[in-house]
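Pasting structure_14.cif here (mmCIF, C-alpha atoms and all ligand atoms):
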data_my_file
loop_
_atom_site.label_atom_id
_atom_site.label_comp_id
_atom_site.auth_asym_id
_atom_site.auth_seq_id
_atom_site.Cartn_x
_atom_site.Cartn_y
_atom_site.Cartn_z
CA MET A 739 -23.24 -16.91 16.52
CA TYR A 740 -21.76 -15.34 19.60
CA THR A 741 -23.29 -15.68 23.05
CA LEU A 742 -23.05 -13.34 26.03
CA ASN A 743 -20.23 -15.53 27.28
CA ASP A 744 -18.14 -14.48 24.30
CA VAL A 745 -18.40 -10.81 25.21
CA ASP A 746 -15.46 -9.11 26.88
CA TRP A 747 -17.41 -6.95 29.37
CA LYS A 748 -14.34 -5.03 30.56
CA HIS A 749 -13.84 -3.76 27.02
CA VAL A 750 -17.55 -3.07 26.54
CA VAL A 751 -17.56 -0.82 29.61
CA ILE A 752 -14.52 1.09 28.41
CA LEU A 753 -15.58 1.36 24.76
CA PHE A 754 -19.27 2.20 25.28
CA GLY A 755 -19.12 3.82 28.72
CA THR A 756 -16.72 6.55 27.59
CA PRO A 757 -18.79 7.86 24.65
CA ALA A 758 -21.90 7.82 26.88
CA LEU A 759 -20.05 9.77 29.54
CA ALA A 760 -18.73 12.19 26.91
CA LEU A 761 -22.32 12.88 25.81
CA VAL A 762 -23.28 13.63 29.40
CA GLY A 763 -20.40 16.10 29.46
CA PHE A 764 -21.46 17.81 26.22
CA ALA A 765 -25.04 18.08 27.53
CA THR A 766 -24.21 19.46 30.95
CA VAL A 767 -20.87 21.27 30.90
CA PRO A 768 -20.02 24.34 28.79
CA LEU A 769 -16.91 23.88 26.67
CA ARG A 770 -14.43 26.64 27.43
CA THR A 771 -11.86 27.70 24.85
CA ALA A 772 -8.84 26.95 27.04
CA THR A 773 -10.22 23.50 27.80
CA PHE A 774 -10.91 22.87 24.14
CA TRP A 775 -7.30 23.57 23.19
CA TRP A 776 -6.03 21.57 26.13
CA ALA A 777 -8.17 18.62 24.96
CA VAL A 778 -6.75 18.96 21.44
CA ALA A 779 -3.18 19.11 22.76
CA TYR A 780 -3.79 16.14 25.02
CA TYR A 781 -5.33 14.29 22.08
CA PHE A 782 -2.09 14.71 20.15
CA PHE A 783 0.04 13.84 23.15
CA THR A 784 -1.76 10.61 24.01
CA GLY A 785 -2.28 9.71 20.34
CA LEU A 786 1.45 10.05 19.71
CA GLY A 787 2.03 7.87 22.76
CA ILE A 788 0.33 5.12 20.76
CA THR A 789 1.74 5.86 17.30
CA ALA A 790 5.33 6.92 18.13
CA GLY A 791 5.51 4.83 21.29
CA TYR A 792 3.39 1.68 21.35
CA HIS A 793 3.44 1.22 17.60
CA ARG A 794 6.68 2.45 16.06
CA TYR A 795 8.89 2.05 19.13
CA TRP A 796 7.74 -0.96 21.15
CA ALA A 797 5.85 -3.05 18.59
CA HIS A 798 8.22 -2.47 15.66
CA ARG A 799 11.49 -1.23 17.21
CA SER A 800 11.83 1.10 14.25
CA TYR A 801 14.22 3.36 16.20
CA ASP A 802 16.12 3.47 19.47
CA ALA A 803 15.24 5.80 22.32
CA THR A 804 16.61 6.98 25.63
CA ARG A 805 14.78 6.01 28.82
CA VAL A 806 13.54 9.58 29.16
CA TRP A 807 11.79 9.33 25.81
CA GLN A 808 10.43 5.89 26.68
CA VAL A 809 8.95 7.20 29.93
CA ILE A 810 7.35 10.19 28.21
CA LEU A 811 5.80 8.02 25.49
CA MET A 812 4.71 5.38 27.94
CA ALA A 813 2.95 7.98 30.07
CA ALA A 814 1.33 9.39 26.95
CA GLY A 815 0.29 6.00 25.58
CA THR A 816 -1.10 4.95 28.95
CA GLY A 817 -3.44 7.95 28.77
CA ALA A 818 -4.87 6.54 25.52
CA VAL A 819 -6.21 3.49 27.39
CA GLU A 820 -5.42 0.87 24.76
CA GLY A 821 -3.99 -1.70 27.14
CA THR A 822 -0.41 -2.23 28.22
CA VAL A 823 2.57 -1.97 25.89
CA LYS A 824 3.09 -5.69 26.28
CA TRP A 825 -0.48 -6.66 25.39
CA TRP A 826 -0.76 -4.13 22.56
CA SER A 827 2.57 -4.94 20.94
CA ARG A 828 1.98 -8.66 21.09
CA GLY A 829 -1.35 -8.33 19.30
CA HIS A 830 0.17 -5.95 16.81
CA ARG A 831 3.10 -8.20 15.95
CA ILE A 832 0.60 -11.01 15.42
CA HIS A 833 -1.39 -8.70 13.15
CA HIS A 834 1.67 -8.12 10.98
CA ARG A 835 2.76 -11.73 10.93
CA PHE A 836 -0.70 -13.15 10.15
CA THR A 837 -2.33 -10.21 8.31
CA ASP A 838 -5.80 -11.03 6.92
CA THR A 839 -5.85 -14.56 8.31
CA GLU A 840 -7.80 -16.29 11.08
CA LYS A 841 -4.91 -15.61 13.44
CA ASP A 842 -4.87 -11.87 12.79
CA PRO A 843 -6.67 -10.36 15.82
CA TYR A 844 -8.04 -7.49 13.72
CA ASN A 845 -8.47 -9.51 10.53
CA ALA A 846 -9.84 -7.01 8.00
CA LYS A 847 -11.38 -9.87 6.02
CA ARG A 848 -13.98 -10.18 8.81
CA GLY A 849 -15.36 -6.78 7.95
CA PHE A 850 -14.86 -3.14 8.79
CA LEU A 851 -16.69 -3.25 12.12
CA TRP A 852 -14.77 -6.28 13.30
CA SER A 853 -11.38 -4.76 12.55
CA HIS A 854 -12.43 -1.43 14.04
CA ILE A 855 -13.91 -2.51 17.35
CA GLY A 856 -15.51 -5.96 17.17
CA TRP A 857 -12.26 -7.75 17.86
CA MET A 858 -12.08 -6.16 21.30
CA ILE A 859 -15.68 -6.86 22.21
CA ILE A 860 -15.72 -10.55 21.33
CA LYS A 861 -13.18 -12.57 23.28
CA GLN A 862 -10.68 -14.38 21.08
CA LYS A 863 -8.67 -17.49 21.57
CA LYS A 864 -4.94 -16.89 21.82
CA ASN A 865 -3.92 -19.19 18.99
CA ALA A 866 -0.94 -17.35 17.54
CA THR A 867 2.59 -17.02 18.81
CA VAL A 868 5.05 -14.26 18.23
CA ASP A 869 8.37 -13.26 19.75
CA ILE A 870 8.01 -10.63 22.50
CA SER A 871 11.07 -11.59 24.52
CA ASP A 872 12.47 -8.05 24.14
CA LEU A 873 9.35 -6.66 25.85
CA SER A 874 9.15 -9.32 28.54
CA SER A 875 12.68 -8.52 29.66
CA ASP A 876 12.18 -4.74 29.80
CA PRO A 877 11.63 -3.45 33.38
CA LEU A 878 9.75 -0.34 32.25
CA VAL A 879 7.33 -2.43 30.20
CA ALA A 880 6.93 -4.80 33.15
CA PHE A 881 6.25 -1.89 35.52
CA GLN A 882 3.49 -0.53 33.31
CA HIS A 883 2.00 -3.99 32.90
CA LYS A 884 1.89 -4.48 36.67
CA TYR A 885 0.38 -1.13 37.65
CA TYR A 886 -1.65 -0.54 34.53
CA LEU A 887 -5.08 0.20 36.00
CA PRO A 888 -4.11 3.03 38.40
CA LEU A 889 -1.65 4.42 35.85
CA ALA A 890 -4.29 4.46 33.11
CA VAL A 891 -6.95 6.06 35.32
CA PHE A 892 -4.46 8.72 36.33
CA MET A 893 -3.16 9.51 32.83
CA ALA A 894 -6.53 9.28 31.08
CA PHE A 895 -8.76 11.16 33.53
CA ILE A 896 -7.06 12.56 36.63
CA PHE A 897 -4.09 14.29 35.00
CA PRO A 898 -6.09 16.17 32.32
CA THR A 899 -8.61 17.18 34.99
CA LEU A 900 -5.88 18.50 37.28
CA VAL A 901 -4.34 20.59 34.50
CA ALA A 902 -7.63 22.27 33.57
CA GLY A 903 -8.68 22.54 37.23
CA PHE A 904 -5.54 24.13 38.58
CA GLY A 905 -4.81 25.91 35.32
CA TRP A 906 -8.08 27.78 34.71
CA ASN A 907 -10.48 26.36 37.26
CA ASP A 908 -12.42 24.16 34.84
CA TRP A 909 -12.51 20.85 36.71
CA ALA A 910 -15.62 19.42 35.08
CA GLY A 911 -14.50 20.51 31.60
CA GLY A 912 -11.07 19.04 32.17
CA PHE A 913 -12.61 15.73 33.08
CA PHE A 914 -15.29 15.50 30.41
CA PHE A 915 -13.49 17.07 27.47
CA ALA A 916 -9.73 16.63 27.92
CA GLY A 917 -10.32 13.35 29.74
CA VAL A 918 -13.33 11.43 28.45
CA ALA A 919 -14.26 12.96 25.07
CA ARG A 920 -10.59 13.23 24.09
CA LEU A 921 -10.16 9.55 24.92
CA VAL A 922 -13.08 8.57 22.67
CA PHE A 923 -11.50 10.49 19.79
CA VAL A 924 -8.08 8.94 20.36
CA HIS A 925 -9.65 5.49 20.50
CA HIS A 926 -11.54 5.75 17.25
CA ALA A 927 -8.69 7.54 15.49
CA THR A 928 -6.25 4.78 16.30
CA PHE A 929 -8.84 2.06 15.64
CA CYS A 930 -9.02 3.46 12.11
CA VAL A 931 -5.52 2.13 11.51
CA ASN A 932 -6.96 -1.36 11.76
CA SER A 933 -10.19 -0.65 9.91
CA LEU A 934 -10.00 2.31 7.51
CA ALA A 935 -6.33 1.76 6.63
CA HIS A 936 -7.24 -1.75 5.48
CA TYR A 937 -10.17 -0.54 3.36
CA LEU A 938 -9.52 2.86 1.84
CA GLY A 939 -6.79 3.79 -0.62
CA GLU A 940 -4.09 2.54 -2.89
CA PHE A 941 -1.96 -0.56 -3.07
CA THR A 942 1.23 1.41 -3.61
CA PHE A 943 3.71 -1.40 -2.99
CA ASP A 944 1.81 -4.70 -2.83
CA ASP A 945 -1.75 -5.86 -3.45
CA ARG A 946 -1.61 -9.32 -1.97
CA ARG A 947 -3.05 -8.16 1.36
CA THR A 948 -5.54 -5.53 2.52
CA PRO A 949 -3.39 -2.63 3.87
CA LYS A 950 -3.74 0.52 1.80
CA ASP A 951 -2.31 4.04 1.56
CA HIS A 952 -4.61 7.03 1.94
CA PHE A 953 -4.15 10.64 2.96
CA LEU A 954 -7.47 10.78 4.83
CA THR A 955 -6.56 7.84 7.02
CA ALA A 956 -3.21 9.48 7.70
CA LEU A 957 -5.01 12.65 8.73
CA VAL A 958 -7.08 10.93 11.42
CA THR A 959 -4.33 8.58 12.60
CA LEU A 960 -1.39 10.98 13.10
CA GLY A 961 0.27 9.68 9.96
CA GLU A 962 -0.41 5.96 10.18
CA GLY A 963 -2.54 6.03 7.02
CA TYR A 964 0.26 5.09 4.65
CA HIS A 965 -0.46 1.60 5.74
CA ASN A 966 0.45 -0.28 2.60
CA PHE A 967 3.95 1.14 2.97
CA HIS A 968 3.93 0.29 6.66
CA HIS A 969 3.02 -3.37 6.17
CA GLU A 970 5.72 -3.71 3.51
CA PHE A 971 8.39 -1.90 5.51
CA PRO A 972 7.28 -2.20 9.17
CA ALA A 973 10.75 -1.59 10.58
CA ASP A 974 10.90 1.85 8.92
CA TYR A 975 10.28 4.66 11.44
CA ARG A 976 8.32 6.49 8.75
CA ASN A 977 4.91 5.67 7.33
CA ALA A 978 4.95 8.51 4.83
CA ILE A 979 8.13 8.79 2.83
CA LYS A 980 7.44 11.97 0.85
CA PHE A 981 8.05 15.24 2.70
CA TRP A 982 4.64 16.59 1.72
CA GLN A 983 2.74 13.59 3.08
CA TYR A 984 1.15 13.99 6.53
CA ASP A 985 3.04 11.98 9.13
CA PRO A 986 3.32 13.93 12.42
CA THR A 987 4.44 10.75 14.18
CA LYS A 988 7.50 10.61 11.95
CA TRP A 989 8.15 14.33 12.47
CA THR A 990 7.95 13.88 16.25
CA ILE A 991 10.44 11.01 16.24
CA TRP A 992 12.73 12.97 13.94
CA PHE A 993 12.61 16.16 16.02
CA ALA A 994 13.33 14.12 19.14
CA SER A 995 16.42 12.75 17.40
CA LEU A 996 17.77 16.32 17.03
CA VAL A 997 18.12 16.58 20.81
CA GLY A 998 19.30 12.99 21.22
CA LEU A 999 16.13 11.56 22.74
CA THR A 1000 15.79 9.15 19.82
CA TYR A 1001 18.49 7.70 17.57
CA ASN A 1002 19.16 5.00 14.95
CA LEU A 1003 15.98 5.90 13.09
CA LYS A 1004 15.62 2.99 10.68
CA MET A 1005 14.86 3.53 7.01
CA PHE A 1006 14.41 0.86 4.39
CA PRO A 1007 16.76 1.45 1.41
CA ALA A 1008 15.17 3.81 -1.10
CA ASN A 1009 16.25 1.52 -3.92
CA GLU A 1010 14.14 -1.33 -2.50
CA ILE A 1011 11.14 0.90 -1.81
CA GLU A 1012 11.25 2.07 -5.42
CA LYS A 1013 11.32 -1.55 -6.60
CA GLY A 1014 8.07 -2.13 -4.73
CA ARG A 1015 6.46 0.89 -6.29
CA ILE A 1016 7.37 -0.01 -9.87
CA HIS A 1017 6.33 -3.61 -9.25
CA MET A 1018 2.79 -2.34 -8.70
CA MET A 1019 3.00 0.07 -11.65
CA GLN A 1020 4.10 -2.83 -13.84
CA LYS A 1021 1.21 -4.91 -12.55
CA LYS A 1022 -1.26 -2.20 -13.49
CA LEU A 1023 0.27 -1.94 -16.96
CA ASP A 1024 0.11 -5.69 -17.39
CA ASP A 1025 -3.58 -5.62 -16.48
CA ILE A 1026 -4.23 -3.00 -19.16
CA LYS A 1027 -2.13 -4.94 -21.65
CA LYS A 1028 -4.30 -8.01 -21.07
CA THR A 1029 -7.29 -6.12 -22.45
CA LEU A 1030 -5.48 -5.42 -25.74
CA ASP A 1031 -4.93 -7.71 -28.74
CA TYR A 1032 -1.24 -8.37 -29.26
CA GLY A 1033 -1.80 -11.27 -31.66
CA VAL A 1034 -0.49 -14.80 -31.30
CA PRO A 1035 2.75 -14.92 -29.27
CA VAL A 1036 5.74 -15.74 -31.49
CA GLU A 1037 6.51 -18.96 -29.55
CA GLU A 1038 3.03 -20.28 -30.29
CA LEU A 1039 3.15 -19.73 -34.04
CA PRO A 1040 3.40 -22.69 -36.43
CA VAL A 1041 6.81 -23.13 -38.06
CA LEU A 1042 7.30 -22.86 -41.83
CA THR A 1043 10.34 -22.99 -44.10
CA PHE A 1044 10.77 -20.44 -46.87
CA SER A 1045 9.60 -22.86 -49.57
CA GLN A 1046 6.51 -23.70 -47.48
CA VAL A 1047 5.77 -19.99 -47.25
CA LYS A 1048 5.93 -19.79 -51.04
CA GLU A 1049 3.59 -22.78 -51.33
CA ARG A 1050 1.07 -21.19 -48.94
CA ILE A 1051 1.06 -18.04 -51.01
CA SER A 1052 0.28 -19.90 -54.25
CA GLU A 1053 -2.17 -22.39 -52.65
CA THR A 1054 -4.18 -19.99 -50.50
CA GLY A 1055 -3.65 -16.65 -52.18
CA LYS A 1056 -2.58 -15.19 -48.81
CA GLN A 1057 -0.14 -12.33 -49.07
CA LEU A 1058 2.72 -13.34 -46.79
CA LEU A 1059 5.97 -11.52 -46.15
CA ILE A 1060 8.86 -12.01 -43.77
CA ILE A 1061 10.29 -9.57 -41.25
CA SER A 1062 12.92 -10.61 -38.65
CA GLY A 1063 12.18 -14.32 -38.83
CA VAL A 1064 8.40 -13.95 -38.58
CA VAL A 1065 5.92 -14.47 -41.41
CA TYR A 1066 3.14 -11.87 -41.63
CA ASP A 1067 -0.16 -12.09 -43.44
CA VAL A 1068 -0.81 -8.63 -44.90
CA SER A 1069 -3.77 -9.69 -47.13
CA LYS A 1070 -6.30 -7.56 -45.25
CA PHE A 1071 -3.89 -4.66 -44.83
CA MET A 1072 -3.11 -3.93 -48.47
CA ASP A 1073 -5.66 -1.16 -48.88
CA ASP A 1074 -4.93 0.41 -45.50
CA HIS A 1075 -1.12 0.52 -45.52
CA PRO A 1076 -0.12 4.18 -45.00
CA GLY A 1077 2.92 3.55 -47.18
CA GLY A 1078 0.72 2.43 -50.06
CA LYS A 1079 -0.25 -0.80 -51.81
CA GLY A 1080 2.73 -0.88 -54.14
CA PHE A 1081 5.42 -1.39 -51.53
CA LEU A 1082 3.45 -4.15 -49.78
CA ARG A 1083 2.58 -6.00 -52.96
CA ALA A 1084 6.23 -5.99 -53.98
CA ALA A 1085 7.15 -7.30 -50.51
CA VAL A 1086 4.97 -10.43 -50.71
CA GLY A 1087 7.00 -13.64 -50.71
CA ARG A 1088 10.18 -11.83 -49.61
CA ASP A 1089 12.20 -11.14 -46.49
CA VAL A 1090 11.78 -7.36 -46.14
CA THR A 1091 13.42 -6.89 -42.75
CA ALA A 1092 15.90 -4.34 -44.08
CA SER A 1093 13.31 -2.35 -46.04
CA PHE A 1094 10.94 -2.29 -43.07
CA ASN A 1095 13.64 -1.11 -40.70
CA GLY A 1096 14.92 1.79 -42.73
CA GLY A 1097 15.98 0.42 -46.12
CA VAL A 1098 12.80 1.93 -47.50
CA TYR A 1099 11.28 3.41 -44.42
CA ASP A 1100 12.09 3.05 -40.74
CA HIS A 1101 8.67 2.19 -39.30
CA ALA A 1102 7.37 3.79 -36.14
CA ASN A 1103 6.05 2.02 -33.09
CA ALA A 1104 2.53 2.13 -34.50
CA ALA A 1105 3.56 -0.15 -37.33
CA ARG A 1106 5.39 -2.54 -35.02
CA ASN A 1107 2.37 -2.80 -32.71
CA LEU A 1108 -0.01 -3.27 -35.60
CA MET A 1109 2.01 -5.99 -37.26
CA SER A 1110 1.85 -8.20 -34.16
CA SER A 1111 -1.79 -8.87 -34.99
CA MET A 1112 -0.75 -10.03 -38.49
CA ARG A 1113 1.64 -12.76 -37.33
CA TYR A 1114 1.16 -15.91 -39.34
CA ALA A 1115 4.09 -18.26 -38.75
CA ARG A 1116 7.66 -18.53 -37.56
CA LEU A 1117 10.30 -18.94 -40.21
CA GLU A 1118 12.75 -21.80 -40.07
CA GLY A 1119 15.88 -21.94 -42.19
CA LEU A 1120 17.27 -19.47 -44.67
CA VAL A 1121 15.73 -17.21 -47.28
CA PRO A 1122 17.40 -17.31 -50.72
CA GLU A 1123 19.55 -14.24 -51.37
CA ALA A 1124 17.32 -13.15 -54.25
CA SER A 1125 14.27 -12.87 -51.95
CA VAL A 1126 15.95 -10.71 -49.29
CA SER A 1127 15.49 -6.92 -49.38
CA ARG A 1128 18.60 -4.72 -49.43
CA GLU A 1129 19.49 -1.81 -47.17
CA ASP A 1130 19.20 0.70 -50.02
C1 LIG A 1201 3.54 -6.05 -41.72
C2 LIG A 1201 4.18 -5.18 -42.50
C3 LIG A 1201 3.93 -3.69 -42.44
C4 LIG A 1201 3.16 -2.94 -41.63
C5 LIG A 1201 2.24 -3.44 -40.48
C6 LIG A 1201 3.32 -1.56 -42.00
C7 LIG A 1201 2.66 -0.50 -41.38
C8 LIG A 1201 2.92 0.82 -41.65
C9 LIG A 1201 2.40 1.91 -40.91
C10 LIG A 1201 1.44 1.80 -39.69
C11 LIG A 1201 2.91 3.05 -41.42
C12 LIG A 1201 2.63 4.49 -40.93
C13 LIG A 1201 3.85 5.15 -40.26
C14 LIG A 1201 4.51 4.28 -39.24
O1 LIG A 1201 3.82 3.69 -38.39
O2 LIG A 1201 5.77 4.18 -39.30
C15 LIG A 1201 3.73 2.66 -42.54
C16 LIG A 1201 4.39 3.55 -43.32
C17 LIG A 1201 5.20 3.17 -44.39
N1 LIG A 1201 5.47 1.88 -44.80
FE1 LIG A 1201 4.82 0.21 -43.96
N2 LIG A 1201 4.20 -1.47 -43.03
C18 LIG A 1201 4.59 -2.76 -43.33
C19 LIG A 1201 5.47 -3.14 -44.29
C20 LIG A 1201 6.12 -2.27 -45.16
C21 LIG A 1201 7.09 -2.65 -46.18
C22 LIG A 1201 7.54 -4.07 -46.39
C23 LIG A 1201 7.46 -1.50 -46.82
C24 LIG A 1201 8.44 -1.31 -47.93
C25 LIG A 1201 9.08 -2.26 -48.53
C26 LIG A 1201 6.76 -0.40 -46.20
C27 LIG A 1201 6.88 0.92 -46.55
C28 LIG A 1201 6.33 1.97 -45.89
C29 LIG A 1201 6.60 3.35 -46.22
C30 LIG A 1201 7.49 3.87 -47.32
C31 LIG A 1201 5.89 4.11 -45.26
C32 LIG A 1201 5.93 5.61 -45.15
C33 LIG A 1201 4.65 6.30 -45.49
C34 LIG A 1201 4.75 7.78 -45.31
O3 LIG A 1201 4.82 8.22 -44.14
O4 LIG A 1201 4.77 8.47 -46.32
N3 LIG A 1201 5.93 -0.88 -45.20
N4 LIG A 1201 3.74 1.30 -42.65
FE FE A 1202 -2.44 -3.17 9.59
FE FE A 1203 2.39 -1.88 12.49
#

What does this structure look like when you write it as structure tokens?
Ligand code: HEM
Ligand SMILES: [Fe+2]
Ligand SMILES: [Fe+2]
Amino acid sequence: MYTLNDVDWKHVVILFGTPALALVGFATVPLRTATFWWAVAYYFFTGLGITAGYHRYWAHRSYDATRVWQVILMAAGTGAVEGTVKWWSRGHRIHHRFTDTEKDPYNAKRGFLWSHIGWMIIKQKKNATVDISDLSSDPLVAFQHKYYLPLAVFMAFIFPTLVAGFGWNDWAGGFFFAGVARLVFVHHATFCVNSLAHYLGEFTFDDRRTPKDHFLTALVTLGEGYHNFHHEFPADYRNAIKFWQYDPTKWTIWFASLVGLTYNLKMFPANEIEKGRIHMMQKKLDDIKKTLDYGVPVEELPVLTFSQVKERISETGKQLLIISGVVYDVSKFMDDHPGGKGFLRAAVGRDVTASFNGGVYDHANAARNLMSSMRYARLEGLVPEASVSRED
């Protein structure tokens, strides 16, 4: 069990204080239309700071960006109050490297609540290492890390308040709605990437770990919901690869590339992505196949020579015939053969490969599937000429 000493009080104040404050706002301040739309816009701006900035740029380096773009996204991401780029990216790289294990800070195996918010409330030991040398040596990242608190307070609360205050004289609304309530929404939306995206949806590319693909998660996370894809191809600047899938983070990065703010957008080769997809399709097929009776595998059949086959027929009365080196027992099939009893009876004790494959009738798939359940033995050695069916 956890004790009070395990609780990270700084995070508790941020994570529970803001929703409480937002409720105070909803109870006491009227929500004006302009402020509502400003809050929505600021929600997208700060949310994209996390998804396009913290996540796809700094944590994964899935594209390159000019300093201007970095500053814009850093300002935006700072307003989402999810810690510094350095802290966030480190934890996130650990999450990818140690997904679903003890070392994964948001280990989905510890439950939905843990991966959503619990991991921030209970202090954790730093027991995993990951390379963040690129971040440590970046002056912009270092600047944000050093002045984080005043920067975060400004971007999260003061700036949205100033805009609504100077813009349309709604100071309180700007603070409570575009500042506080908006922050609560951004928090829980992005937290869903760690919780919901590891619980809801499809294993499109791999089912060995928890990340899943789902449209609903994408909808609340600005496109981060194609999370199975993302864990397979984390260096890809996209999370959704189909044009009709919802990934505004990808669209933002792509539009920025049109004016040169971003460049070298990385994409995993389509050929490899497709391999992943069919791997999972194959796996599903194999699972279905396991529920069906395909008879004894050929390698596991006992081996008989042609004269032994003949002996079996006379000793046991079994009606055996040979097709492509395999001996089939058609005793129970005589009455049901769509081609009639006569042909089968005449085939007993003979190699009827040619007749079966077109000499008499070129059998459909149905026949080939069905006969697998009639396998009796593997044939060794030759069949005398007189017992082999002809092409005609
Ligand atoms: C294990 C052995 C065999 C199995 C499991 C089998 C099974 C079947 C099945 C399921 C069909 C229905 C159509 C199709 O699936 O193609 C069929 C049709 C037929 N079979 Fe066989 N067959 C066997 C051996 C033979 C042999 C040895 C002959 C002839 C020498 C033969 C002659 C025919 C003919 C002529 C038809 C056509 C019936 C029609 O559509 O009018 N079959 N067989
Ligand atoms: Fe994840
Ligand atoms: Fe990631």

Contacts of ligand FE 1202 (chain A), 12 Å or closer, only C-alpha atoms and all ligand atoms, given as a PDB file with C-alpha atoms, keeping the file's coordinate frame:
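Saved to out_34.pdb:
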ATOM      1  CA  HIS A 793       3.440   1.220  17.600  1.00  0.00           C
ATOM      2  CA  GLY A 829      -1.350  -8.330  19.300  1.00  0.00           C
ATOM      3  CA  HIS A 830       0.170  -5.950  16.810  1.00  0.00           C
ATOM      4  CA  ARG A 831       3.100  -8.200  15.950  1.00  0.00           C
ATOM      5  CA  ILE A 832       0.600 -11.010  15.420  1.00  0.00           C
ATOM      6  CA  HIS A 833      -1.390  -8.700  13.150  1.00  0.00           C
ATOM      7  CA  HIS A 834       1.670  -8.120  10.980  1.00  0.00           C
ATOM      8  CA  ARG A 835       2.760 -11.730  10.930  1.00  0.00           C
ATOM      9  CA  PHE A 836      -0.700 -13.150  10.150  1.00  0.00           C
ATOM     10  CA  THR A 837      -2.330 -10.210   8.310  1.00  0.00           C
ATOM     11  CA  ASP A 838      -5.800 -11.030   6.920  1.00  0.00           C
ATOM     12  CA  THR A 839      -5.850 -14.560   8.310  1.00  0.00           C
ATOM     13  CA  ASP A 842      -4.870 -11.870  12.790  1.00  0.00           C
ATOM     14  CA  PRO A 843      -6.670 -10.360  15.820  1.00  0.00           C
ATOM     15  CA  TYR A 844      -8.040  -7.490  13.720  1.00  0.00           C
ATOM     16  CA  ASN A 845      -8.470  -9.510  10.530  1.00  0.00           C
ATOM     17  CA  ALA A 846      -9.840  -7.010   8.000  1.00  0.00           C
ATOM     18  CA  LYS A 847     -11.380  -9.870   6.020  1.00  0.00           C
ATOM     19  CA  SER A 853     -11.380  -4.760  12.550  1.00  0.00           C
ATOM     20  CA  HIS A 854     -12.430  -1.430  14.040  1.00  0.00           C
ATOM     21  CA  THR A 928      -6.250   4.780  16.300  1.00  0.00           C
ATOM     22  CA  PHE A 929      -8.840   2.060  15.640  1.00  0.00           C
ATOM     23  CA  CYS A 930      -9.020   3.460  12.110  1.00  0.00           C
ATOM     24  CA  VAL A 931      -5.520   2.130  11.510  1.00  0.00           C
ATOM     25  CA  ASN A 932      -6.960  -1.360  11.760  1.00  0.00           C
ATOM     26  CA  SER A 933     -10.190  -0.650   9.910  1.00  0.00           C
ATOM     27  CA  LEU A 934     -10.000   2.310   7.510  1.00  0.00           C
ATOM     28  CA  ALA A 935      -6.330   1.760   6.630  1.00  0.00           C
ATOM     29  CA  HIS A 936      -7.240  -1.750   5.480  1.00  0.00           C
ATOM     30  CA  TYR A 937     -10.170  -0.540   3.360  1.00  0.00           C
ATOM     31  CA  ARG A 947      -3.050  -8.160   1.360  1.00  0.00           C
ATOM     32  CA  THR A 948      -5.540  -5.530   2.520  1.00  0.00           C
ATOM     33  CA  PRO A 949      -3.390  -2.630   3.870  1.00  0.00           C
ATOM     34  CA  LYS A 950      -3.740   0.520   1.800  1.00  0.00           C
ATOM     35  CA  ASP A 951      -2.310   4.040   1.560  1.00  0.00           C
ATOM     36  CA  GLU A 962      -0.410   5.960  10.180  1.00  0.00           C
ATOM     37  CA  GLY A 963      -2.540   6.030   7.020  1.00  0.00           C
ATOM     38  CA  TYR A 964       0.260   5.090   4.650  1.00  0.00           C
ATOM     39  CA  HIS A 965      -0.460   1.600   5.740  1.00  0.00           C
ATOM     40  CA  ASN A 966       0.450  -0.280   2.600  1.00  0.00           C
ATOM     41  CA  PHE A 967       3.950   1.140   2.970  1.00  0.00           C
ATOM     42  CA  HIS A 968       3.930   0.290   6.660  1.00  0.00           C
ATOM     43  CA  HIS A 969       3.020  -3.370   6.170  1.00  0.00           C
ATOM     44  CA  GLU A 970       5.720  -3.710   3.510  1.00  0.00           C
ATOM     45  CA  PHE A 971       8.390  -1.900   5.510  1.00  0.00           C
ATOM     46  CA  PRO A 972       7.280  -2.200   9.170  1.00  0.00           C
ATOM     47  CA  ASN A 977       4.910   5.670   7.330  1.00  0.00           C
TER      48      ASN A 977
END

- Task: Take CA of Leu900 (chain A) and CA of Gly961 (chain A) and report the distance between them in Å, one decimal.
- Result: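 Taking CA of Leu900 (chain A) and CA of Gly961 (chain A), their separation equals 29.4 Å.
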
Padding 3 Å on each side, edges along x, y and z: where is the centre of the box around the listed atoms of ligand LIG 1201 (chain A), and how long are its edges in Å to one decimal? Output it as JSON.
{"center_x": 5.3, "center_y": 1.2, "center_z": -43.5, "size_x": 13.6, "size_y": 20.5, "size_z": 16.1}

- Task: Step by step, measure atom-to-atom distances between ligand LIG 1201 (chain A) and each residue using all atoms listed in the file, keep those at most 8 Å, then write them as a PyMOL selection string.
- Result: chain A and resi 1059+1061+1066-1068+1071+1075-1078+1081-1082+1084-1085+1090-1091+1093-1094+1097-1110+1112+1127

- Item | Pick from A:Val922, A:Leu878, A:Val997, A:Leu873 nearest to Phe895 (chain A), counting only C-alpha atoms | A:Val922

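The space between CA of Leu999 (chain A) and CA of Met812 (chain A) spans 14.0 Å.
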
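Of note, CA of Leu887 (chain A) and CA of Phe850 (chain A) are spaced 29.1 Å apart.
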
- Query: Can you tell me, as a ChimeraX atom specification, what residues are no more than 12 Å from Phe754 (chain A) when counting all atoms listed in the file, ignoring any on the same chain fewer than 2 positions away?
  - Reply: /A:747-752,756-761,855,858-859,918-919,921-922,925-926

- Message: I need the residue nearest ligand FE 1203 (chain A) from this list: A:Tyr801, A:Phe783, A:Trp796, A:Phe923. Use all atoms listed in the file for the distance.
- Response: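 For ligand FE 1203 (chain A), the nearest of the candidates is A:Trp796.
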